[in-house]
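This is work02.txt. It holds compact mmCIF, C-alpha atoms and all ligand atoms.
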```
# COMPACT_ATOMS: atom_id res chain seq x y z
CA MET G 1 -4.81 19.94 -8.50
CA ILE G 2 -6.01 20.20 -4.97
CA GLU G 3 -4.73 19.22 -1.55
CA VAL G 4 -6.77 17.12 0.87
CA ARG G 5 -6.40 17.46 4.61
CA LEU G 6 -7.89 15.30 7.34
CA ASP G 7 -7.61 16.97 10.73
CA LYS G 8 -7.97 14.42 13.55
CA VAL G 9 -10.84 12.64 11.82
CA SER G 10 -12.67 9.83 13.63
CA LYS G 11 -15.72 7.76 12.73
CA GLN G 12 -17.70 5.68 15.19
CA PHE G 13 -20.46 3.29 14.17
CA GLY G 14 -22.77 3.19 17.18
CA GLY G 15 -20.23 2.42 19.87
CA ALA G 16 -17.83 0.64 17.54
CA ARG G 17 -14.65 2.11 16.14
CA GLY G 18 -14.46 2.66 12.40
CA VAL G 19 -11.35 4.82 12.34
CA GLU G 20 -9.68 6.96 14.96
CA ASN G 21 -7.80 10.22 14.80
CA VAL G 22 -6.64 10.17 11.17
CA ASP G 23 -4.46 13.21 10.63
CA ILE G 24 -3.03 13.49 7.12
CA HIS G 25 -2.12 16.07 4.55
CA ILE G 26 -2.32 14.83 0.94
CA LYS G 27 -0.44 17.07 -1.47
CA PRO G 28 -1.83 18.41 -4.76
CA GLY G 29 -1.32 15.82 -7.51
CA GLU G 30 -0.12 13.19 -5.08
CA PHE G 31 -0.85 9.45 -5.45
CA PHE G 32 -1.69 8.55 -1.85
CA THR G 33 -2.62 5.03 -0.74
CA PHE G 34 -4.46 3.65 2.28
CA LEU G 35 -3.02 0.19 2.94
CA GLY G 36 -4.00 -2.38 5.54
CA PRO G 37 -5.80 -5.67 6.16
CA SER G 38 -9.54 -6.06 5.73
CA GLY G 39 -11.52 -4.16 8.36
CA CYS G 40 -8.77 -1.67 9.24
CA GLY G 41 -10.83 1.37 8.17
CA LYS G 42 -9.66 2.13 4.62
CA THR G 43 -13.11 2.29 3.03
CA THR G 44 -14.55 4.23 5.96
CA THR G 45 -11.85 6.88 5.57
CA LEU G 46 -12.32 7.06 1.80
CA ARG G 47 -16.10 7.35 2.17
CA MET G 48 -15.67 10.30 4.51
CA ILE G 49 -13.54 12.00 1.86
CA ALA G 50 -16.21 11.25 -0.77
CA GLY G 51 -18.97 12.43 1.56
CA PHE G 52 -20.83 9.10 1.87
CA TYR G 53 -20.08 9.14 5.61
CA TYR G 54 -19.70 12.15 7.85
CA PRO G 55 -17.02 12.06 10.57
CA THR G 56 -17.96 11.78 14.23
CA GLU G 57 -15.06 14.08 15.01
CA GLY G 58 -12.54 16.17 13.10
CA ARG G 59 -12.49 18.16 9.91
CA ILE G 60 -11.94 17.48 6.19
CA MET G 61 -10.50 20.23 3.99
CA PHE G 62 -10.18 20.35 0.18
CA GLY G 63 -7.72 23.20 -0.27
CA GLU G 64 -9.28 26.13 1.62
CA ASN G 65 -12.78 24.61 1.67
CA ASN G 66 -14.11 22.85 4.71
CA VAL G 67 -16.11 19.96 3.18
CA THR G 68 -16.62 17.94 6.36
CA PHE G 69 -20.42 17.93 5.98
CA THR G 70 -20.71 18.76 2.26
CA PRO G 71 -22.90 16.25 0.35
CA PRO G 72 -21.03 13.93 -2.09
CA ASN G 73 -22.39 15.55 -5.29
CA LYS G 74 -21.02 18.94 -4.22
CA ARG G 75 -17.43 17.77 -3.68
CA ASN G 76 -16.36 17.12 -7.27
CA THR G 77 -14.69 13.81 -6.50
CA GLY G 78 -14.68 10.85 -8.90
CA MET G 79 -15.04 7.47 -7.23
CA VAL G 80 -14.36 3.94 -8.44
CA PHE G 81 -15.94 1.29 -6.25
CA GLN G 82 -14.65 -2.21 -5.56
CA ASN G 83 -17.58 -3.82 -7.41
CA TYR G 84 -17.61 -1.06 -10.10
CA ALA G 85 -21.32 -0.32 -9.40
CA LEU G 86 -22.12 0.02 -13.14
CA PHE G 87 -25.62 -0.20 -14.60
CA PRO G 88 -25.53 -3.64 -16.28
CA HIS G 89 -28.28 -3.08 -18.86
CA MET G 90 -26.99 0.28 -20.03
CA THR G 91 -24.29 0.71 -22.66
CA VAL G 92 -20.73 1.81 -22.01
CA SER G 93 -21.48 5.35 -23.23
CA GLU G 94 -24.68 5.60 -21.19
CA ASN G 95 -22.83 4.52 -18.06
CA ILE G 96 -20.08 7.05 -18.60
CA ALA G 97 -22.57 9.82 -19.47
CA PHE G 98 -24.65 9.27 -16.36
CA GLY G 99 -22.79 11.71 -14.10
CA LEU G 100 -22.88 14.42 -16.75
CA GLN G 101 -26.64 14.03 -17.32
CA VAL G 102 -27.20 14.40 -13.60
CA ARG G 103 -25.19 17.62 -13.86
CA LYS G 104 -27.51 18.76 -16.70
CA GLN G 105 -24.87 19.40 -19.34
CA SER G 106 -25.81 19.83 -23.02
CA LYS G 107 -26.08 16.80 -25.34
CA ALA G 108 -23.19 17.94 -27.54
CA GLU G 109 -20.95 18.56 -24.56
CA ILE G 110 -21.80 15.18 -23.07
CA ARG G 111 -21.10 13.40 -26.35
CA GLU G 112 -17.70 15.02 -26.66
CA LYS G 113 -16.66 14.38 -23.05
CA VAL G 114 -17.80 10.75 -23.14
CA ALA G 115 -15.81 10.15 -26.32
CA ARG G 116 -12.74 11.69 -24.75
CA ALA G 117 -13.09 9.62 -21.56
CA GLN G 118 -13.54 6.42 -23.57
CA LYS G 119 -10.39 7.20 -25.48
CA LEU G 120 -8.49 7.89 -22.28
CA VAL G 121 -9.16 4.36 -21.00
CA HIS G 122 -8.75 2.73 -24.45
CA LEU G 123 -12.42 1.89 -24.91
CA ASP G 124 -13.06 3.82 -28.12
CA GLY G 125 -15.33 1.74 -30.33
CA TYR G 126 -16.98 0.06 -27.32
CA GLY G 127 -19.55 2.80 -26.68
CA ASP G 128 -22.59 0.77 -27.75
CA ARG G 129 -21.68 -2.42 -25.92
CA ARG G 130 -23.73 -3.39 -22.91
CA ILE G 131 -21.84 -3.74 -19.62
CA ASP G 132 -22.75 -7.43 -19.33
CA GLN G 133 -20.99 -7.99 -22.66
CA LEU G 134 -17.64 -6.80 -21.29
CA SER G 135 -14.81 -8.58 -19.50
CA GLY G 136 -13.93 -7.67 -15.91
CA GLY G 137 -10.98 -5.58 -17.03
CA GLN G 138 -13.11 -3.62 -19.50
CA GLN G 139 -15.79 -3.03 -16.88
CA GLN G 140 -13.11 -1.71 -14.59
CA ARG G 141 -12.07 0.78 -17.29
CA VAL G 142 -15.68 1.91 -17.77
CA ALA G 143 -15.84 2.60 -14.05
CA LEU G 144 -12.62 4.59 -14.32
CA ALA G 145 -13.92 6.57 -17.33
CA ARG G 146 -17.16 7.29 -15.50
CA ALA G 147 -15.21 8.66 -12.53
CA LEU G 148 -12.93 10.79 -14.74
CA VAL G 149 -15.54 12.17 -17.15
CA ILE G 150 -16.86 14.68 -14.62
CA GLU G 151 -13.32 16.15 -14.45
CA PRO G 152 -13.03 15.64 -10.71
CA ASN G 153 -10.53 17.45 -8.53
CA ILE G 154 -9.83 14.24 -6.67
CA LEU G 155 -9.92 10.63 -7.84
CA LEU G 156 -10.92 8.05 -5.23
CA LEU G 157 -10.35 4.35 -5.88
CA ASP G 158 -11.51 1.61 -3.50
CA GLU G 159 -9.69 -1.67 -4.26
CA PRO G 160 -10.34 -1.19 -7.99
CA LEU G 161 -8.28 -4.21 -9.06
CA SER G 162 -9.44 -6.80 -6.57
CA ASN G 163 -11.91 -8.46 -8.97
CA LEU G 164 -9.30 -8.96 -11.71
CA ASP G 165 -6.99 -11.93 -12.20
CA ALA G 166 -3.28 -11.54 -11.42
CA LYS G 167 -1.99 -10.71 -14.90
CA LEU G 168 -4.72 -8.20 -15.68
CA ARG G 169 -4.27 -6.67 -12.27
CA GLU G 170 -0.66 -5.87 -13.03
CA GLU G 171 -1.48 -4.39 -16.45
CA THR G 172 -4.31 -2.29 -15.07
CA ARG G 173 -2.20 -1.01 -12.23
CA LEU G 174 0.29 0.42 -14.74
CA GLU G 175 -2.63 1.86 -16.69
CA ILE G 176 -4.08 3.65 -13.65
CA LYS G 177 -0.66 5.03 -12.78
CA ARG G 178 -0.20 6.28 -16.36
CA LEU G 179 -3.58 8.03 -16.30
CA GLN G 180 -2.87 9.61 -12.97
CA LEU G 181 0.49 10.99 -14.14
CA GLU G 182 -1.04 12.19 -17.40
CA LEU G 183 -3.91 14.00 -15.67
CA GLY G 184 -1.88 15.11 -12.64
CA ILE G 185 -4.94 14.49 -10.50
CA THR G 186 -4.79 14.11 -6.71
CA THR G 187 -5.52 10.42 -6.20
CA ILE G 188 -6.43 8.42 -3.12
CA TYR G 189 -6.18 4.69 -3.58
CA VAL G 190 -7.33 1.93 -1.23
CA THR G 191 -5.81 -1.53 -1.24
CA HIS G 192 -4.90 -4.45 1.04
CA ASP G 193 -2.18 -5.49 -1.45
CA GLN G 194 1.24 -4.26 -0.41
CA ALA G 195 2.84 -4.82 -3.84
CA GLU G 196 0.15 -2.64 -5.43
CA ALA G 197 0.67 0.07 -2.83
CA MET G 198 4.45 -0.03 -3.12
CA SER G 199 4.52 0.15 -6.91
CA MET G 200 1.94 2.89 -7.46
CA SER G 201 2.12 5.34 -4.59
CA ASP G 202 3.98 8.54 -3.82
CA ARG G 203 3.10 7.93 -0.18
CA ILE G 204 1.34 5.22 1.78
CA MET G 205 -0.69 5.31 4.99
CA VAL G 206 -0.57 1.93 6.74
CA MET G 207 -3.59 1.22 8.95
CA LYS G 208 -4.56 -1.42 11.47
CA ASP G 209 -7.77 -1.67 13.55
CA GLY G 210 -8.82 1.85 12.60
CA VAL G 211 -5.52 3.36 13.70
CA VAL G 212 -2.79 4.82 11.47
CA GLN G 213 0.48 2.93 11.94
CA GLN G 214 2.79 4.86 9.62
CA VAL G 215 2.69 7.40 6.80
CA GLY G 216 5.62 7.57 4.41
CA THR G 217 7.08 6.93 0.98
CA PRO G 218 7.24 3.30 -0.19
CA HIS G 219 10.96 3.50 0.51
CA ASP G 220 10.41 4.66 4.13
CA ILE G 221 7.66 2.16 4.82
CA TYR G 222 9.74 -0.70 3.49
CA ASN G 223 13.11 0.24 4.90
CA LYS G 224 12.15 2.05 8.08
CA PRO G 225 9.06 0.37 9.47
CA LEU G 226 7.97 2.07 12.69
CA ASN G 227 6.68 -1.05 14.36
CA ARG G 228 6.36 -4.82 14.14
CA PHE G 229 3.05 -4.66 12.33
CA VAL G 230 4.39 -2.53 9.48
CA ALA G 231 7.56 -4.62 9.25
CA SER G 232 5.61 -7.85 8.87
CA PHE G 233 2.73 -6.52 6.74
CA ILE G 234 4.94 -4.95 4.07
CA GLY G 235 7.05 -7.62 2.45
CA GLU G 236 8.69 -10.27 4.57
CA SER G 237 10.84 -9.62 7.56
CA ASN G 238 12.81 -11.52 10.15
CA LEU G 239 11.68 -10.21 13.52
CA TRP G 240 13.85 -11.17 16.48
CA GLU G 241 13.30 -10.21 20.10
CA GLY G 242 16.42 -9.14 21.90
CA THR G 243 18.09 -7.14 24.64
CA VAL G 244 20.39 -4.17 24.04
CA GLU G 245 23.83 -5.25 25.28
CA ARG G 246 26.05 -2.35 24.25
CA VAL G 247 25.65 1.06 22.62
CA GLU G 248 28.85 2.68 21.38
CA GLY G 249 28.69 5.83 19.30
CA GLY G 250 26.16 5.14 16.58
CA THR G 251 26.38 1.37 16.88
CA VAL G 252 24.01 -0.89 18.80
CA HIS G 253 24.64 -4.53 19.75
CA VAL G 254 21.57 -6.65 20.53
CA ARG G 255 21.64 -10.11 22.09
CA THR G 256 18.81 -12.05 20.50
CA GLY G 257 16.85 -14.86 22.12
CA SER G 258 19.04 -17.51 20.47
CA GLY G 259 22.16 -16.05 22.08
CA SER G 260 23.66 -14.56 18.93
CA LEU G 261 24.70 -10.92 18.74
CA VAL G 262 23.29 -8.69 16.00
CA THR G 263 24.82 -5.28 15.35
CA GLY G 264 23.26 -2.30 13.61
CA PHE G 265 23.24 1.47 13.46
CA ALA G 266 21.29 3.52 16.01
CA GLU G 267 19.97 5.76 13.22
CA ASN G 268 17.98 2.74 11.97
CA ALA G 269 15.77 2.69 15.04
CA SER G 270 12.13 3.74 15.00
CA PRO G 271 11.36 6.70 17.29
CA GLU G 272 9.30 4.42 19.55
CA CYS G 273 12.36 2.30 20.23
CA ARG G 274 14.38 2.66 23.45
CA LEU G 275 18.02 1.90 22.74
CA SER G 276 19.39 1.92 26.29
CA VAL G 277 21.45 -0.97 27.67
CA GLY G 278 19.16 -3.70 29.01
CA GLY G 279 16.19 -2.43 26.96
CA GLN G 280 14.03 -4.84 24.96
CA VAL G 281 13.91 -4.31 21.20
CA THR G 282 12.77 -6.16 18.10
CA VAL G 283 15.40 -6.53 15.40
CA SER G 284 14.01 -6.45 11.85
CA VAL G 285 16.00 -7.80 8.89
CA ARG G 286 14.67 -8.32 5.35
CA PRO G 287 15.37 -11.80 3.92
CA GLU G 288 16.74 -10.36 0.68
CA SER G 289 19.32 -8.24 2.49
CA ILE G 290 21.00 -11.35 3.93
CA ARG G 291 23.87 -12.90 1.96
CA GLU G 292 25.79 -16.12 2.25
CA ALA G 293 29.09 -15.73 4.11
CA ARG G 294 32.34 -17.47 3.18
CA ALA G 295 33.85 -19.98 5.62
CA GLU G 296 36.69 -17.62 6.56
CA GLU G 297 34.16 -15.00 7.73
CA ARG G 298 33.00 -17.27 10.54
CA GLY G 299 33.08 -15.48 13.90
CA GLN G 300 33.01 -12.00 12.41
CA GLU G 301 30.37 -9.42 13.31
CA ASN G 302 26.86 -10.33 12.05
CA VAL G 303 27.99 -13.65 10.60
CA LEU G 304 25.63 -16.28 11.94
CA ALA G 305 25.83 -20.06 11.65
CA ALA G 306 22.52 -21.75 10.89
CA LYS G 307 21.02 -25.10 9.98
CA VAL G 308 18.79 -25.35 6.94
CA VAL G 309 15.17 -26.36 7.54
CA MET G 310 14.16 -26.06 3.89
CA SER G 311 15.08 -24.28 0.71
CA GLU G 312 13.00 -23.51 -2.37
CA PHE G 313 13.84 -22.33 -5.87
CA THR G 314 11.43 -19.74 -7.29
CA GLY G 315 13.16 -18.94 -10.57
CA VAL G 316 14.53 -15.57 -9.49
CA SER G 317 15.77 -16.62 -6.08
CA VAL G 318 16.55 -19.39 -3.65
CA ASN G 319 14.67 -18.93 -0.39
CA TYR G 320 15.90 -20.45 2.83
CA VAL G 321 14.16 -21.17 6.06
CA ALA G 322 16.81 -22.02 8.67
CA GLN G 323 17.40 -22.10 12.42
CA ILE G 324 20.04 -20.30 14.49
CA GLY G 325 19.64 -22.33 17.66
CA SER G 326 15.96 -21.87 18.42
CA MET G 327 15.66 -18.70 16.32
CA PRO G 328 14.15 -18.99 12.84
CA ILE G 329 15.77 -17.05 10.00
CA LYS G 330 14.51 -16.48 6.46
CA ALA G 331 16.94 -15.54 3.71
CA MET G 332 16.52 -14.93 0.01
CA PHE G 333 19.46 -15.18 -2.38
CA ILE G 334 18.74 -13.56 -5.73
CA GLY G 335 20.55 -14.23 -8.99
CA PRO G 336 21.92 -17.18 -10.94
CA GLY G 337 24.25 -19.88 -9.67
CA GLN G 338 22.51 -20.46 -6.35
CA ARG G 339 22.99 -23.89 -4.87
CA MET G 340 20.09 -25.60 -3.09
CA ARG G 341 20.74 -27.17 0.28
CA GLY G 342 19.04 -30.03 2.07
CA ARG G 343 17.63 -30.28 5.55
CA ASP G 344 20.13 -29.91 8.41
CA GLU G 345 22.97 -28.72 6.19
CA ASP G 346 25.09 -25.97 7.71
CA ILE G 347 24.96 -22.50 6.22
CA LEU G 348 26.63 -19.21 7.17
CA PHE G 349 24.61 -16.03 6.85
CA ALA G 350 26.01 -12.50 6.81
CA ILE G 351 23.73 -9.60 7.71
CA PRO G 352 24.92 -6.21 6.44
CA LYS G 353 24.93 -3.80 9.38
CA GLU G 354 23.04 -1.12 7.43
CA SER G 355 20.18 -3.61 6.84
CA VAL G 356 19.48 -4.09 10.55
CA TYR G 357 16.49 -2.11 11.86
CA PHE G 358 15.19 -1.74 15.39
CA VAL G 359 11.45 -1.50 15.89
CA GLU G 360 9.37 -1.02 19.04
N1 LIG X 1 -21.76 1.01 7.96
C1 LIG X 1 -21.10 0.46 8.98
N2 LIG X 1 -21.72 0.14 10.13
C2 LIG X 1 -21.05 -0.42 11.17
N3 LIG X 1 -19.75 -0.71 11.16
C3 LIG X 1 -19.07 -0.43 10.04
C4 LIG X 1 -19.69 0.16 8.88
N4 LIG X 1 -18.77 0.33 7.92
C5 LIG X 1 -17.62 -0.14 8.44
N5 LIG X 1 -17.79 -0.59 9.70
C6 LIG X 1 -16.74 -1.14 10.58
O1 LIG X 1 -15.65 -0.26 10.58
C7 LIG X 1 -14.44 -0.96 10.52
C8 LIG X 1 -13.64 -0.54 9.29
O2 LIG X 1 -14.30 -1.02 8.11
P1 LIG X 1 -13.85 -0.65 6.65
O3 LIG X 1 -13.54 0.79 6.58
O4 LIG X 1 -14.86 -1.17 5.70
O5 LIG X 1 -12.49 -1.49 6.51
P2 LIG X 1 -11.62 -1.81 5.21
O6 LIG X 1 -12.12 -1.02 4.07
O7 LIG X 1 -10.23 -1.45 5.63
O8 LIG X 1 -11.73 -3.29 4.99
C9 LIG X 1 -14.78 -2.43 10.54
O9 LIG X 1 -14.68 -2.91 11.85
C10 LIG X 1 -16.21 -2.45 10.05
O10 LIG X 1 -16.90 -3.55 10.56
MG MG X 2 -12.85 -1.75 2.22
```

Can you present the structure in this file as structure tokens?
Ligand SMILES: Nc1ncnc2c1ncn2[C@@H]1O[C@H](COP(=O)(O)OP(=O)(O)O)[C@@H](O)[C@H]1O
Ligand SMILES: [Mg+2]
Amino acid sequence: MIEVRLDKVSKQFGGARGVENVDIHIKPGEFFTFLGPSGCGKTTTLRMIAGFYYPTEGRIMFGENNVTFTPPNKRNTGMVFQNYALFPHMTVSENIAFGLQVRKQSKAEIREKVARAQKLVHLDGYGDRRIDQLSGGQQQRVALARALVIEPNILLLDEPLSNLDAKLREETRLEIKRLQLELGITTIYVTHDQAEAMSMSDRIMVMKDGVVQQVGTPHDIYNKPLNRFVASFIGESNLWEGTVERVEGGTVHVRTGSGSLVTGFAENASPECRLSVGGQVTVSVRPESIREARAEERGQENVLAAKVVMSEFTGVSVNYVAQIGSMPIKAMFIGPGQRMRGRDEDILFAIPKESVYFVE
């Protein structure tokens, strides 16, 4: 197990920004994910760790070794590419053996290691198949075996599930997680899919336009987004502009654009957020944290009267889109016995104080 450190790493392409000032410390054995929309710099960062790109600025350390300008074949990383990059006319075994042959290992050793890697990804018995005779999911596992067979210190995965259909994607994501836990290997995973990132990672780095937005556990990223971008990119969020009206002790009251007052705890504010009276803030509330209030709760703190715009039944939940004056609100009620409501019906929402977050 090895730690990976990026010290203020930047990459420019000509004059254009690839990524800027990435400063992270990935722990030995950690499952660390780069998450963000297409073009945000995930692949560029991963390629610098693999050695396919060299940084314009900064330093990359594997443990005590400075590998900033070390060629890829001297880094002992295993990489799985988005398109798998397998040799289509070679067999499964030949594909997996390739990296070992390049490293000039003995025939017997190669045979044994390839068999072990095939077993690890549940492809024993498939050794003589050609790649073009395999399904997408099987090809993905060959790519994984090929990356693991060299016994890398670090496993690098660039959107490895994006070519699979939804069901297989979910299965394979559990499979990758199982392998990673079993091998205890430091793993860096790239995805634009927030559900994938949330379910697999020890920690996530959220990126946008080449700039790191937040680094934290899935729990932190979801519950304590540092800014609007993170709050809206990870899961769904109600984001309401407002003005701080009162701060008393640890409690903050914000007057939102629609005129209603939303109250939360000051400890749920991102560090970038100024919580002084008269200051502008964005209130962030997850739809699933909102509940329906009883009629007698009307007028109480954080109980808001709304009109339904639409409601939908998904099987596990009823989702509402509603309006509080001019302010849209999304709510998700989970569990059985939910009643659907039609357009313009009145509904009372209650927002638990501890579910109110202040960003920017
Ligand atoms: N080889 C390259 N030459 C020029 N620009 C590049 C190159 N690779 C990536 N970029 C640019 O760097 C930015 C980040 O790209 P990339 O790391 O591929 O994003 P992601 O993997 O998050 O989709 C993009 O604006 C992209 O156009
Ligand atoms: Mg990419």

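Shortest separation to ligand LIG 1 (chain X) among G:Ile49, G:Val356, G:Val114, G:Cys40 occurs at residue G:Cys40, atoms counted being all atoms listed in the file.
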
So that I can see what lies close to stretch 219-224 of chain G, please list as a JSON list (two decimals) with C-alpha atoms, in the frame of the given file the residues with an atom at most 8 Å from it, counting all atoms listed in the file and leaving out residues fewer than 2 positions away in the same chain.
```
[["chain", "number", "residue", "atom", "x", "y", "z"],
["G", 204, "ILE", "CA", 1.34, 5.22, 1.78],
["G", 214, "GLN", "CA", 2.79, 4.86, 9.62],
["G", 215, "VAL", "CA", 2.69, 7.40, 6.80],
["G", 216, "GLY", "CA", 5.62, 7.57, 4.41],
["G", 217, "THR", "CA", 7.08, 6.93, 0.98],
["G", 226, "LEU", "CA", 7.97, 2.07, 12.69],
["G", 230, "VAL", "CA", 4.39, -2.53, 9.48],
["G", 231, "ALA", "CA", 7.56, -4.62, 9.25],
["G", 234, "ILE", "CA", 4.94, -4.95, 4.07],
["G", 235, "GLY", "CA", 7.05, -7.62, 2.45],
["G", 268, "ASN", "CA", 17.98, 2.74, 11.97],
["G", 269, "ALA", "CA", 15.77, 2.69, 15.04],
["G", 270, "SER", "CA", 12.13, 3.74, 15.00],
["G", 357, "TYR", "CA", 16.49, -2.11, 11.86]]
```

Around the point (-3.4, 2.2, -14.5), in the coordinates given by the file, pick out the residues reaching within 12 Å, counting all atoms listed in the file, and return them as an MDAnalysis selection string. chainID G and resid 31 120:122 137 140:141 144:145 157 160:161 168:183 187 189 196 199:201

Skipping near chain neighbours, those fewer than 5 positions away, what residues fall within 12 Å of G:Asn73 using all atoms listed in the file, listed as a PyMOL selection string? chain G and resi 49-52+67+78-79+99-100+102-103+150+152

Env of G:Asn319: 7 Å cut, atoms = all atoms listed in the file, seq-sep filter 6 positions within chain, self excluded. Answer as a PyMOL selection string. chain G and resi 311-313+331-333

With distances taken over only C-alpha atoms, the candidate from G:Asp132, G:Ala117, G:Leu304, G:Gly125 nearest G:Met90 is G:Asp132

Name the residues, by chain letter and number, that sit within 7 Å of ligand LIG 1 (chain X) using all atoms listed in the file, and give them as a PyMOL selection string. chain G and resi 13+16-19+36-45+210

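Closest approach to ligand MG 2 (chain X) among G:Asp158, G:Glu248, G:Pro287, G:Thr91: G:Asp158, based on only C-alpha atoms and all ligand atoms.
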
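From atom CA of G:Glu159 back to atom CA of G:Val190, the distance works out to 5.3 Å.
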
Compute the distance from (23.3, -6.0, 21.1) to each atom, counting all atoms listed in the file, keep the residues with any atom at most 12 Å away, and return them as a ChimeraX atom specification; use the coordinates of the file. /G:240-248,251-257,259-266,275-283,301-302,356,358

When you look at stretch 335-340 of chain G with a cut-off of 12 Å (counting all atoms listed in the file), what residues show up, excluding the ones that are within fewer than 3 positions of it in the same chain? I need them as a PyMOL selection string. chain G and resi 288+291-292+308-321+332+343+345-347

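With all atoms listed in the file as the basis for measurement, G:Phe81 is the residue among G:Phe81, G:Phe32, G:Phe98, G:Phe62 that approaches ligand MG 2 (chain X) most closely.
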
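One distance worth recording is that between atom CA of G:Asn153 and atom CA of G:Thr186, which is 6.9 Å.
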
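If you measure from each of G:Asp193, G:Glu64, G:Asp202, G:Glu354 to G:Gly29 using all atoms listed in the file, the closest one turns out to be G:Asp202.
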
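The gap separating atom CA of G:Arg294 from atom CA of G:Met327 is 21.3 Å, in Å to one decimal.
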
Box dimensions and centre (Å, one decimal) enclosing stretch 158-175 of chain G, axis-aligned, 3 Å extra per side, as lines of an AutoDock Vina configuration file:
```
center_x = -5.8
center_y = -5.0
center_z = -10.1
size_x = 18.2
size_y = 19.8
size_z = 19.2
```

May I have the residues within 12 Å of G:Glu112 as a ChimeraX atom specification, using all atoms listed in the file and disregarding those fewer than 4 positions away in the same chain? /G:93,96-97,100,105-108,116-119,149

Taking C-alpha atoms for each residue, export the selection above as a PDB file, in the coordinates of the input.
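The resulting again33.pdb:
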```
ATOM      1  CA  SER G  93     -21.480   5.350 -23.230  1.00  0.00           C
ATOM      2  CA  ILE G  96     -20.080   7.050 -18.600  1.00  0.00           C
ATOM      3  CA  ALA G  97     -22.570   9.820 -19.470  1.00  0.00           C
ATOM      4  CA  LEU G 100     -22.880  14.420 -16.750  1.00  0.00           C
ATOM      5  CA  GLN G 105     -24.870  19.400 -19.340  1.00  0.00           C
ATOM      6  CA  SER G 106     -25.810  19.830 -23.020  1.00  0.00           C
ATOM      7  CA  LYS G 107     -26.080  16.800 -25.340  1.00  0.00           C
ATOM      8  CA  ALA G 108     -23.190  17.940 -27.540  1.00  0.00           C
ATOM      9  CA  ARG G 116     -12.740  11.690 -24.750  1.00  0.00           C
ATOM     10  CA  ALA G 117     -13.090   9.620 -21.560  1.00  0.00           C
ATOM     11  CA  GLN G 118     -13.540   6.420 -23.570  1.00  0.00           C
ATOM     12  CA  LYS G 119     -10.390   7.200 -25.480  1.00  0.00           C
ATOM     13  CA  VAL G 149     -15.540  12.170 -17.150  1.00  0.00           C
TER      14      VAL G 149
END
```

Output requested as a short mmCIF file (atom, residue, chain, number, x, y, z; two decimals), in the coordinates of the input - stretch 215-227 of chain G, filled out with N, CA and C atoms.
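Final file, result.cif:
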```cif
data_model
loop_
_atom_site.label_atom_id
_atom_site.label_comp_id
_atom_site.auth_asym_id
_atom_site.auth_seq_id
_atom_site.Cartn_x
_atom_site.Cartn_y
_atom_site.Cartn_z
N VAL G 215 2.89 6.72 8.08
CA VAL G 215 2.69 7.40 6.80
C VAL G 215 4.08 7.69 6.24
N GLY G 216 4.31 7.29 4.98
CA GLY G 216 5.62 7.57 4.41
C GLY G 216 5.71 7.13 2.97
N THR G 217 6.85 7.39 2.35
CA THR G 217 7.08 6.93 0.98
C THR G 217 7.21 5.40 1.01
N PRO G 218 7.02 4.75 -0.14
CA PRO G 218 7.24 3.30 -0.19
C PRO G 218 8.62 2.93 0.36
N HIS G 219 9.60 3.74 0.04
CA HIS G 219 10.96 3.50 0.51
C HIS G 219 11.03 3.52 2.05
N ASP G 220 10.44 4.55 2.66
CA ASP G 220 10.41 4.66 4.13
C ASP G 220 9.69 3.48 4.78
N ILE G 221 8.50 3.20 4.23
CA ILE G 221 7.66 2.16 4.82
C ILE G 221 8.39 0.81 4.76
N TYR G 222 9.06 0.58 3.66
CA TYR G 222 9.74 -0.70 3.49
C TYR G 222 11.01 -0.77 4.32
N ASN G 223 11.79 0.30 4.27
CA ASN G 223 13.11 0.24 4.90
C ASN G 223 13.12 0.70 6.35
N LYS G 224 12.17 1.55 6.70
CA LYS G 224 12.15 2.05 8.08
C LYS G 224 10.78 1.86 8.71
N PRO G 225 10.36 0.62 8.84
CA PRO G 225 9.06 0.37 9.47
C PRO G 225 9.09 0.85 10.92
N LEU G 226 8.00 1.51 11.34
CA LEU G 226 7.97 2.07 12.69
C LEU G 226 7.68 1.03 13.76
N ASN G 227 7.00 -0.03 13.36
CA ASN G 227 6.68 -1.05 14.36
C ASN G 227 6.60 -2.44 13.73
#
```
